[in-house]
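Below: entry14.txt (compact mmCIF, C-alpha atoms)
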# COMPACT_ATOMS: atom_id res chain seq x y z
CA MET O 1 -19.94 -0.36 -11.30
CA ALA O 2 -18.21 -0.83 -7.95
CA ILE O 3 -14.43 -0.69 -7.91
CA THR O 4 -12.84 -3.99 -6.88
CA LYS O 5 -9.40 -4.78 -5.55
CA THR O 6 -7.41 -7.03 -7.88
CA GLN O 7 -4.19 -7.30 -5.88
CA SER O 8 -1.97 -5.37 -3.52
CA VAL O 9 1.56 -5.57 -2.19
CA ASN O 10 2.84 -3.79 0.87
CA GLY O 11 6.35 -3.33 2.19
CA ASN O 12 8.99 -1.05 3.65
CA GLY O 13 11.79 -1.46 1.17
CA ALA O 14 13.18 0.77 -1.55
CA THR O 15 10.82 -0.51 -4.25
CA LEU O 16 7.62 -2.50 -4.67
CA THR O 17 6.56 -4.54 -7.69
CA LEU O 18 3.19 -5.78 -8.90
CA ASN O 19 3.18 -8.25 -11.78
CA THR O 20 0.40 -9.17 -14.23
CA VAL O 21 -1.25 -5.78 -13.88
CA VAL O 22 -4.27 -5.51 -16.17
CA ALA O 23 -4.41 -2.80 -18.81
CA THR O 24 -6.66 0.21 -17.94
CA ALA O 25 -6.60 -0.62 -14.20
CA LEU O 26 -6.17 2.04 -11.51
CA LEU O 27 -2.98 1.79 -9.46
CA THR O 28 -2.70 3.49 -6.08
CA MET O 29 0.17 3.99 -3.68
CA GLN O 30 -0.52 4.77 -0.04
CA ASP O 31 2.55 5.83 1.91
CA SER O 32 3.34 6.57 5.55
CA ILE O 33 6.73 8.19 6.16
CA TYR O 34 9.16 9.21 8.88
CA ARG O 35 12.20 11.41 8.30
CA ALA O 36 15.01 11.57 10.88
CA THR O 37 15.49 15.20 9.89
CA ARG O 38 12.99 18.02 9.63
CA THR O 39 12.22 19.25 6.13
CA GLY O 40 8.47 19.82 6.26
CA ALA O 41 8.39 18.82 2.62
CA THR O 42 5.58 17.04 0.85
CA GLU O 43 6.29 13.55 -0.40
CA PRO O 44 6.83 13.62 -4.18
CA VAL O 45 5.13 11.21 -6.56
CA PRO O 46 6.85 7.84 -6.92
CA THR O 47 8.63 6.77 -10.06
CA ASP O 48 7.36 3.76 -12.00
CA THR O 49 9.05 1.55 -14.57
CA ALA O 50 5.85 1.55 -16.64
CA GLY O 51 4.00 4.83 -16.21
CA THR O 52 3.61 8.23 -14.59
CA TRP O 53 2.00 8.89 -11.23
CA SER O 54 0.00 11.80 -9.80
CA ALA O 55 -0.74 12.90 -6.25
CA ALA O 56 -4.27 12.59 -4.88
CA ILE O 57 -3.07 14.15 -1.63
CA ASN O 58 0.46 14.72 -0.33
CA PRO O 59 0.43 17.30 2.47
CA ALA O 60 3.51 18.92 4.01
CA ALA O 61 4.99 16.65 6.68
CA ALA O 62 4.19 17.36 10.32
CA ALA O 63 6.85 18.18 12.92
CA PHE O 64 7.90 15.51 15.39
CA ILE O 65 10.09 15.86 18.51
CA GLY O 66 9.98 19.62 18.41
CA THR O 67 11.04 20.48 14.90
CA SER O 68 13.69 17.81 14.51
CA HIS O 69 11.87 15.11 12.56
CA ASP O 70 9.02 14.64 10.07
CA VAL O 71 5.96 12.41 10.07
CA GLY O 72 3.98 12.39 6.86
CA THR O 73 1.61 10.57 4.57
CA GLY O 74 0.37 10.62 0.98
CA ILE O 75 -1.88 8.89 -1.53
CA PHE O 76 -0.85 8.67 -5.19
CA PHE O 77 -2.40 7.14 -8.27
CA GLN O 78 -1.97 6.18 -11.90
CA ALA O 79 -5.03 5.68 -14.09
CA ASN O 80 -5.55 3.66 -17.25
CA VAL O 81 -2.26 1.87 -16.75
CA ALA O 82 -0.23 -0.27 -19.09
CA SER O 83 -0.46 -4.02 -18.55
CA GLY O 84 2.35 -6.09 -17.10
CA THR O 85 4.89 -5.30 -14.40
CA HIS O 86 4.99 -2.04 -12.50
CA THR O 87 7.87 -1.35 -10.12
CA ILE O 88 7.47 1.79 -8.05
CA THR O 89 10.10 3.68 -6.10
CA PRO O 90 8.68 5.89 -3.33
CA GLU O 91 10.75 8.71 -1.87
CA ALA O 92 13.70 7.25 0.05
CA ASN O 93 12.86 8.28 3.61
CA THR O 94 14.22 6.93 6.89
CA ILE O 95 11.08 4.83 7.17
CA HIS O 96 8.26 4.34 4.75
CA HIS O 97 5.51 1.77 4.77
CA THR O 98 3.91 1.54 1.36
CA THR O 99 0.76 -0.14 0.06
CA PHE O 100 0.70 -0.58 -3.72
CA SER O 101 -2.68 -1.71 -5.08
CA GLU O 102 -4.40 -2.52 -8.36
CA TRP O 103 -8.11 -1.79 -8.76
CA GLY O 104 -10.60 -2.83 -11.43
CA SER O 105 -13.64 -0.93 -12.72
CA ALA O 106 -12.20 2.50 -11.92
CA ALA O 107 -12.56 5.54 -14.13
CA THR O 108 -9.79 5.56 -16.71
CA SER O 109 -9.62 9.34 -16.93
CA LEU O 110 -9.31 11.81 -14.02
CA PRO O 111 -10.38 9.29 -11.35
CA SER O 112 -9.18 11.36 -8.37
CA ASP O 113 -12.07 13.15 -6.69
CA GLN O 114 -12.00 14.34 -3.05
CA SER O 115 -9.20 14.39 -0.49
CA THR O 116 -8.22 15.95 2.80
CA SER O 117 -5.81 15.44 5.68
CA ALA O 118 -5.13 16.43 9.29
CA SER O 119 -2.28 16.05 11.77
CA THR O 120 -1.43 16.36 15.46
CA SER O 121 2.14 17.28 16.41
CA ASN O 122 4.01 16.62 19.63
CA THR O 123 0.88 16.03 21.71
CA SER O 124 -0.42 13.05 23.62
CA HIS O 125 -3.46 11.72 21.76
CA THR O 126 -5.26 8.46 21.03
CA SER O 127 -7.28 9.31 17.96
CA ARG O 128 -6.83 11.14 14.72
CA THR O 129 -9.49 11.87 12.11
CA THR O 130 -8.70 12.33 8.45
CA GLY O 131 -10.96 15.34 8.19
CA THR O 132 -14.14 15.30 6.10
CA THR O 133 -14.06 15.55 2.33
CA GLY O 134 -16.48 17.49 0.21
CA ALA O 135 -19.44 15.70 -1.32
CA LEU O 136 -18.38 13.06 -3.82
CA ALA O 137 -18.78 13.59 -7.53
CA GLN O 138 -20.59 10.30 -8.01
CA ALA O 139 -22.27 7.55 -6.00
CA ASP O 140 -19.64 4.93 -6.87
CA GLU O 141 -16.19 5.63 -5.49
CA LEU O 142 -13.19 4.02 -3.81
CA VAL O 143 -12.08 5.55 -0.51
CA LEU O 144 -8.49 5.14 0.73
CA ILE O 145 -7.32 6.18 4.18
CA ASN O 146 -3.85 6.45 5.76
CA HIS O 147 -2.46 7.02 9.23
CA SER O 148 1.17 7.57 10.28
CA MET O 149 2.38 7.91 13.86
CA ALA O 150 5.66 8.17 15.77
CA ALA O 151 6.44 8.71 19.46
CA GLU O 152 9.72 9.75 21.06
CA ASN O 153 9.73 6.76 23.44
CA GLY O 154 6.88 4.80 21.95
CA THR O 155 5.76 1.23 22.32
CA LEU O 156 5.93 -1.99 20.35
CA ASP O 157 2.14 -2.07 20.13
CA VAL O 158 0.09 1.11 20.05
CA THR O 159 -3.01 -1.15 19.94
CA TYR O 160 -4.89 0.26 16.98
CA THR O 161 -8.59 -0.38 16.75
CA ASP O 162 -8.66 -2.70 13.74
CA PRO O 163 -10.53 -2.46 11.48
CA VAL O 164 -11.40 1.21 11.16
CA SER O 165 -15.17 1.22 11.16
CA GLY O 166 -16.51 0.42 7.70
CA PHE O 167 -13.08 -0.10 6.13
CA THR O 168 -10.96 -3.11 5.12
CA THR O 169 -7.39 -3.08 6.38
CA LEU O 170 -4.60 -3.23 3.80
CA GLN O 171 -1.59 -2.84 6.08
CA LYS O 172 -0.93 -2.10 9.72
CA VAL O 173 2.25 -1.59 11.77
CA SER O 174 1.80 -1.18 15.51
CA ASN O 175 5.35 -0.24 16.58
CA ASP O 176 6.00 3.49 17.08
CA THR O 177 9.24 3.13 19.05
CA SER O 178 11.74 1.61 16.61
CA ASP O 179 9.47 1.90 13.60
CA LEU O 180 6.61 4.09 12.34
CA ALA O 181 3.15 3.01 13.39
CA MET O 182 0.81 3.14 10.42
CA PHE O 183 -2.52 2.01 9.07
CA HIS O 184 -3.81 1.83 5.47
CA ALA O 185 -7.36 0.79 4.61
CA TRP O 186 -10.06 1.03 1.94
CA LYS O 187 -13.75 0.83 1.22
CA THR O 188 -16.15 1.53 -1.60
CA VAL O 189 -19.18 3.77 -1.29
CA ALA O 190 -22.46 3.93 -3.20
CA ALA O 191 -23.50 7.46 -2.24
CA THR O 192 -22.18 10.99 -2.76
CA THR O 193 -22.09 11.76 0.96
CA ALA O 194 -18.83 13.32 2.14
CA VAL O 195 -16.51 10.78 3.79
CA SER O 196 -14.12 10.73 6.73
CA ALA O 197 -12.46 8.19 9.00
CA THR O 198 -11.10 8.11 12.54
CA PHE O 199 -8.12 6.07 13.64
CA ASN O 200 -8.05 5.05 17.32
CA TRP O 201 -5.35 3.48 19.49
CA THR O 202 -4.46 3.27 23.19
CA ALA O 203 -0.75 4.19 23.54
CA ALA O 204 -0.04 7.89 24.07
CA GLU O 205 2.76 10.16 25.26
CA ALA O 206 3.67 13.80 25.13
CA ASN O 207 6.01 13.80 22.11
CA GLN O 208 3.69 11.99 19.74
CA THR O 209 2.87 13.05 16.19
CA SER O 210 0.32 11.52 13.85
CA PHE O 211 -1.00 12.32 10.40
CA ALA O 212 -4.13 11.01 8.65
CA CYS O 213 -5.41 11.51 5.13
CA ILE O 214 -8.22 10.34 2.89
CA ALA O 215 -8.70 10.26 -0.90
CA THR O 216 -11.51 9.09 -3.14
CA PHE O 217 -11.48 7.76 -6.70
CA LYS O 218 -14.33 7.49 -9.17
CA GLY O 219 -15.63 4.23 -10.52
CA ALA O 220 -15.98 3.59 -14.21
CA ALA O 221 -19.14 4.79 -15.86
CA ALA O 222 -21.82 2.18 -16.43
CA ALA O 223 -21.78 0.49 -19.83
CA GLY O 224 -23.10 2.78 -22.56
CA GLY O 225 -21.73 6.01 -21.07
CA SER O 226 -18.33 7.67 -21.18
CA GLY O 227 -18.18 8.67 -17.54
CA HIS O 228 -16.75 12.12 -18.23
CA GLY O 229 -19.21 13.91 -20.50
CA LEU O 230 -17.55 13.38 -23.89
CA PHE O 231 -20.10 14.21 -26.55
CA ILE O 232 -20.60 11.29 -28.91
CA PRO O 233 -22.14 12.59 -32.11
CA PRO O 234 -24.76 10.60 -33.99
CA LEU O 235 -23.55 8.89 -37.12
CA LEU O 236 -24.17 10.81 -40.37
CA ASN O 237 -23.74 8.32 -43.15
CA GLY O 238 -20.61 7.17 -41.32
CA LEU O 239 -18.77 10.40 -42.21
CA GLY O 240 -19.23 12.42 -39.01
CA SER O 241 -19.22 15.73 -40.89
CA GLY O 242 -21.68 18.62 -41.30
CA GLY O 243 -21.26 21.07 -38.38
CA PRO O 244 -19.38 21.98 -35.19
CA PHE O 245 -20.52 18.90 -33.28
CA PHE O 246 -19.57 16.55 -36.06
CA ASN O 247 -15.99 17.58 -36.67
CA ASN O 248 -13.83 14.50 -37.24
CA GLN O 249 -11.05 16.19 -35.29
CA ILE O 250 -12.92 15.98 -31.96
CA GLY O 251 -11.37 13.43 -29.57
CA MET I 1 -2.72 -14.29 11.63
CA THR I 2 -1.49 -17.84 11.09
CA ILE I 3 2.23 -18.55 10.99
CA LEU I 4 3.11 -20.91 8.14
CA PHE I 5 6.83 -20.98 8.95
CA GLN I 6 9.19 -19.34 11.42
CA GLY I 7 12.86 -20.10 11.84
CA ASN I 8 16.40 -19.22 10.89
CA ARG I 9 17.30 -19.56 7.24
CA THR I 10 20.58 -19.17 5.40
CA ILE I 11 19.77 -17.16 2.30
CA PRO I 12 22.34 -17.92 -0.42
CA ALA I 13 23.75 -15.35 -2.78
CA GLY I 14 21.87 -14.99 -6.04
CA ALA I 15 18.38 -16.21 -6.84
CA ASN I 16 16.95 -18.78 -4.44
CA GLU I 17 13.49 -20.28 -4.13
CA SER I 18 11.95 -21.36 -0.87
CA SER I 19 9.99 -24.49 -0.24
CA VAL I 20 6.26 -24.37 -0.90
CA PHE I 21 3.94 -23.54 1.98
CA PRO I 22 0.39 -24.89 1.88
CA VAL I 23 -2.13 -22.24 2.95
CA PRO I 24 -4.82 -23.65 5.24
CA GLN I 25 -8.22 -22.98 3.76
CA ASN I 26 -9.78 -21.87 7.03
CA ILE I 27 -7.70 -18.67 7.20
CA LYS I 28 -9.45 -16.76 4.44
CA GLN I 29 -12.84 -15.41 5.43
CA PRO I 30 -15.74 -14.89 3.00
CA ALA I 31 -15.61 -11.56 1.15
CA GLN I 32 -12.08 -10.96 2.40
CA ALA I 33 -8.76 -11.37 0.64
CA LEU I 34 -5.98 -13.58 1.95
CA GLN I 35 -2.62 -11.91 2.47
CA VAL I 36 0.66 -13.83 2.67
CA GLN I 37 3.34 -11.92 4.58
CA LEU I 38 7.09 -12.33 4.95
CA ALA I 39 9.21 -10.75 7.66
CA LEU I 40 13.01 -11.03 7.76
CA VAL I 41 15.45 -9.27 10.09
CA TRP I 42 16.70 -6.40 7.91
CA ASP I 43 19.72 -5.85 10.18
CA ASP I 44 21.13 -9.17 8.88
CA PHE I 45 20.95 -8.24 5.18
CA PRO I 46 24.24 -7.97 3.27
CA ALA I 47 25.49 -4.77 1.67
CA GLY I 48 23.74 -4.03 -1.59
CA THR I 49 20.20 -4.72 -2.77
CA THR I 50 18.22 -7.80 -1.74
CA SER I 51 14.95 -8.60 -3.49
CA ILE I 52 12.11 -10.71 -2.11
CA GLU I 53 9.20 -11.88 -4.24
CA ILE I 54 6.11 -13.77 -3.06
CA PHE I 55 4.43 -16.24 -5.43
CA LEU I 56 0.86 -17.47 -4.95
CA SER I 57 -0.87 -20.53 -6.36
CA LEU I 58 -4.60 -20.85 -6.93
CA ASP I 59 -4.52 -24.44 -8.28
CA GLY I 60 -3.15 -26.57 -5.50
CA GLY I 61 0.49 -25.69 -6.06
CA VAL I 62 0.65 -26.72 -9.71
CA THR I 63 1.36 -23.21 -10.96
CA PHE I 64 2.24 -19.95 -9.25
CA PRO I 65 1.00 -17.30 -11.70
CA ARG I 66 0.67 -14.39 -9.33
CA SER I 67 3.63 -12.62 -7.77
CA ALA I 68 4.71 -9.37 -6.18
CA GLY I 69 7.59 -8.19 -4.06
CA GLY I 70 10.15 -5.53 -3.35
CA THR I 71 13.78 -4.64 -2.74
CA TRP I 72 15.68 -3.66 0.38
CA ASP I 73 19.02 -1.83 0.47
CA MET I 74 21.90 -1.96 2.90
CA PRO I 75 23.33 0.05 4.45
CA HIS I 76 20.15 1.71 5.67
CA GLU I 77 19.51 4.30 8.38
CA PHE I 78 17.24 2.66 10.95
CA ARG I 79 15.25 4.22 13.76
CA GLY I 80 15.71 2.95 17.31
CA ASN I 81 17.08 -0.34 18.53
CA GLN I 82 17.29 -3.68 16.75
CA PRO I 83 15.66 -5.75 15.50
CA HIS I 84 14.34 -4.02 12.37
CA PHE I 85 12.29 -6.06 9.96
CA ALA I 86 12.04 -6.12 6.19
CA VAL I 87 8.38 -6.86 5.61
CA VAL I 88 6.38 -7.61 2.49
CA GLY I 89 2.79 -8.76 2.11
CA PHE I 90 0.86 -9.78 -1.01
CA SER I 91 -2.87 -10.26 -1.41
CA LEU I 92 -5.24 -10.85 -4.31
CA GLY I 93 -8.97 -10.21 -4.58
CA ALA I 94 -11.67 -11.30 -2.19
CA ASN I 95 -12.78 -14.11 -4.51
CA ASP I 96 -9.32 -15.57 -5.11
CA ILE I 97 -8.64 -18.80 -3.21
CA VAL I 98 -4.93 -19.04 -2.51
CA THR I 99 -3.80 -22.63 -1.92
CA HIS I 100 -0.01 -22.37 -1.72
CA ALA I 101 2.73 -19.78 -1.39
CA LYS I 102 6.48 -19.58 -1.85
CA TYR I 103 9.08 -16.85 -2.00
CA VAL I 104 12.17 -16.12 -4.03
CA THR I 105 15.10 -14.08 -2.77
CA ASN I 106 17.97 -12.58 -4.70
CA ALA I 107 20.76 -11.40 -2.42
CA PRO I 108 24.18 -9.96 -3.23
CA ALA I 109 25.81 -12.25 -0.65
CA GLN I 110 24.86 -15.16 1.60
CA PHE I 111 23.36 -14.28 4.98
CA THR I 112 21.44 -15.93 7.80
CA THR I 113 18.32 -14.43 9.30
CA GLN I 114 15.04 -15.31 10.95
CA VAL I 115 12.24 -15.74 8.43
CA THR I 116 8.56 -15.63 9.29
CA VAL I 117 5.92 -16.58 6.71
CA SER I 118 2.34 -15.92 7.75
CA ALA I 119 -1.15 -15.62 6.30
CA VAL I 120 -4.05 -13.47 7.38
CA SER I 121 -7.51 -12.63 6.09
CA VAL I 122 -7.80 -8.93 5.22

Please express the file's structure as structure tokens.
Amino acid sequence: MAITKTQSVNGNGATLTLNTVVATALLTMQDSIYRATRTGATEPVPTDTAGTWSAAINPAAAAFIGTSHDVGTGIFFQANVASGTHTITPEANTIHHTTFSEWGSAATSLPSDQSTSASTSNTSHTSRTTGTTGALAQADELVLINHSMAAENGTLDVTYTDPVSGFTTLQKVSNDTSDLAMFHAWKTVAATTAVSATFNWTAAEANQTSFACIATFKGAAAAGGSGHGLFIPPLLNGLGSGGPFFNNQIG
Amino acid sequence: MTILFQGNRTIPAGANESSVFPVPQNIKQPAQALQVQLALVWDDFPAGTTSIEIFLSLDGGVTFPRSAGGTWDMPHEFRGNQPHFAVVGFSLGANDIVTHAKYVTNAPAQFTTQVTVSAVSV
């Protein structure tokens, strides 16, 4: 069953809130960050008023303007969520542009599958691939991609190619002079072929750093299956007893 | 992108609801979601935490059951020259037909800033 987008909110403030989230949905947070100091640290998982998040991919930030600043990115998720309002607080960086999304028909246990990332530091360039993942675990997955980019002088419009081929844009910022240029997008796939994406733009200069990443998430198993190999014993007079596979304590 | 409103607004202290903006039906494309976006000049925000929440209607403006938003703090360390924008965008699914939008702010003090409300198919 293909994963579908229920709703998403994007912004650059301290927190983001989604209301009327449906129970058992998958929540994802895509983040593009800039730090005015150099730490090289990964971005930690966000906090949430209604659950606990995990990282699908959160690589160490790339150096920008020599080793004075950071440019980074990350994709985070929470599966099988509680219904209602979720307010997330990403790491408080100098700049972050965050996309917070709710997805239906995703696996409710261990949905995170493949991920990879790649960066270019302090070099003039006009494209950045995410890198190619391994083969997907199943032929029904959600693919999320991020790009983050800053330039020492920069421009108000880096002129991204939009959309990224095959993807639907969630959020885009084109200013890499007084802001952080960024691009978040998604698609679903119906094959186990490894995935990658390439971001393209036209503005380039010597002190330019960009970071791209990609993460995939498994769809829910089709009706009648568990999706993660849990053995369901046959009924024995309704008691479930009689041997190692029929222990009532399983599950 | 279609601009639904752009102009200076005085945002009062406390909770305040905007007027309702009809969303033209020719913006959303088939199989794509419609996103309503707000942009305000962050440099104008008062000290403290300002929240902005977008509400969407699917029934001609009768009810606004769907909402999302965020918070912005001042002071804040910005990068580069002004202006810097507080931006928030909210979208539903590809099959949801949004008819109207409004926003609610909650600011620690009154301030005046340029507000841009826009809609785009994503």

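When only C-alpha atoms are used to measure the gap to chain I, the shortest distance among O:Asp140, O:Glu102, O:Glu205, O:Glu91 belongs to O:Glu102.
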
Exercise. For chain I, list the residues within 7 Å of chain O, counting all atoms listed in the file, and write the list as a ChimeraX atom specification.
Key: /I:67-73,77-81,86-93,122

Exercise. Mind checking which residues fall within 9 Å of Ala151 in chain O, counting only C-alpha atoms, ignoring those fewer than 4 positions away in the same chain, and posting them as a PyMOL selection string?
Key: chain O and resi 64-65+122+155+176-177+180-181+204-210

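Shortest atom-to-atom contact with Ser57 in chain I among I:Thr99, I:Thr10, I:Asn106, I:Thr116: I:Thr99, counting all atoms listed in the file.
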
Quiz item: How many Å separate CA of Ala15 in chain I from CA of Ser51 in chain I?
Solution: 9.0 Å

Quiz item: CA of Thr126 in chain O to CA of Trp201 in chain O: how many Å, to one decimal?
Solution: 5.2 Å

Quiz item: Got a sec: who's within 8 Å of Val41 in chain I, counting only C-alpha atoms, leaving out chain neighbours fewer than 4 positions off, as a ChimeraX atom specification?
Solution: /I:45,83-86,113-115

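CA of Gly7 in chain I is found 15.1 Å from CA of Lys102 in chain I.
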
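Nearest residue to Phe21 in chain I, choosing from I:Val62, I:Val104, I:Val36, I:Leu4 and counting only C-alpha atoms: I:Leu4.
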
Quiz item: Leaving out range 72-78 of chain O and any residue of its chain fewer than 5 positions from it, which residues lie within 6 Å of it when counting only C-alpha atoms, given as a VMD selection string?
Solution: chain O and resid 26 to 33 53 to 58 61
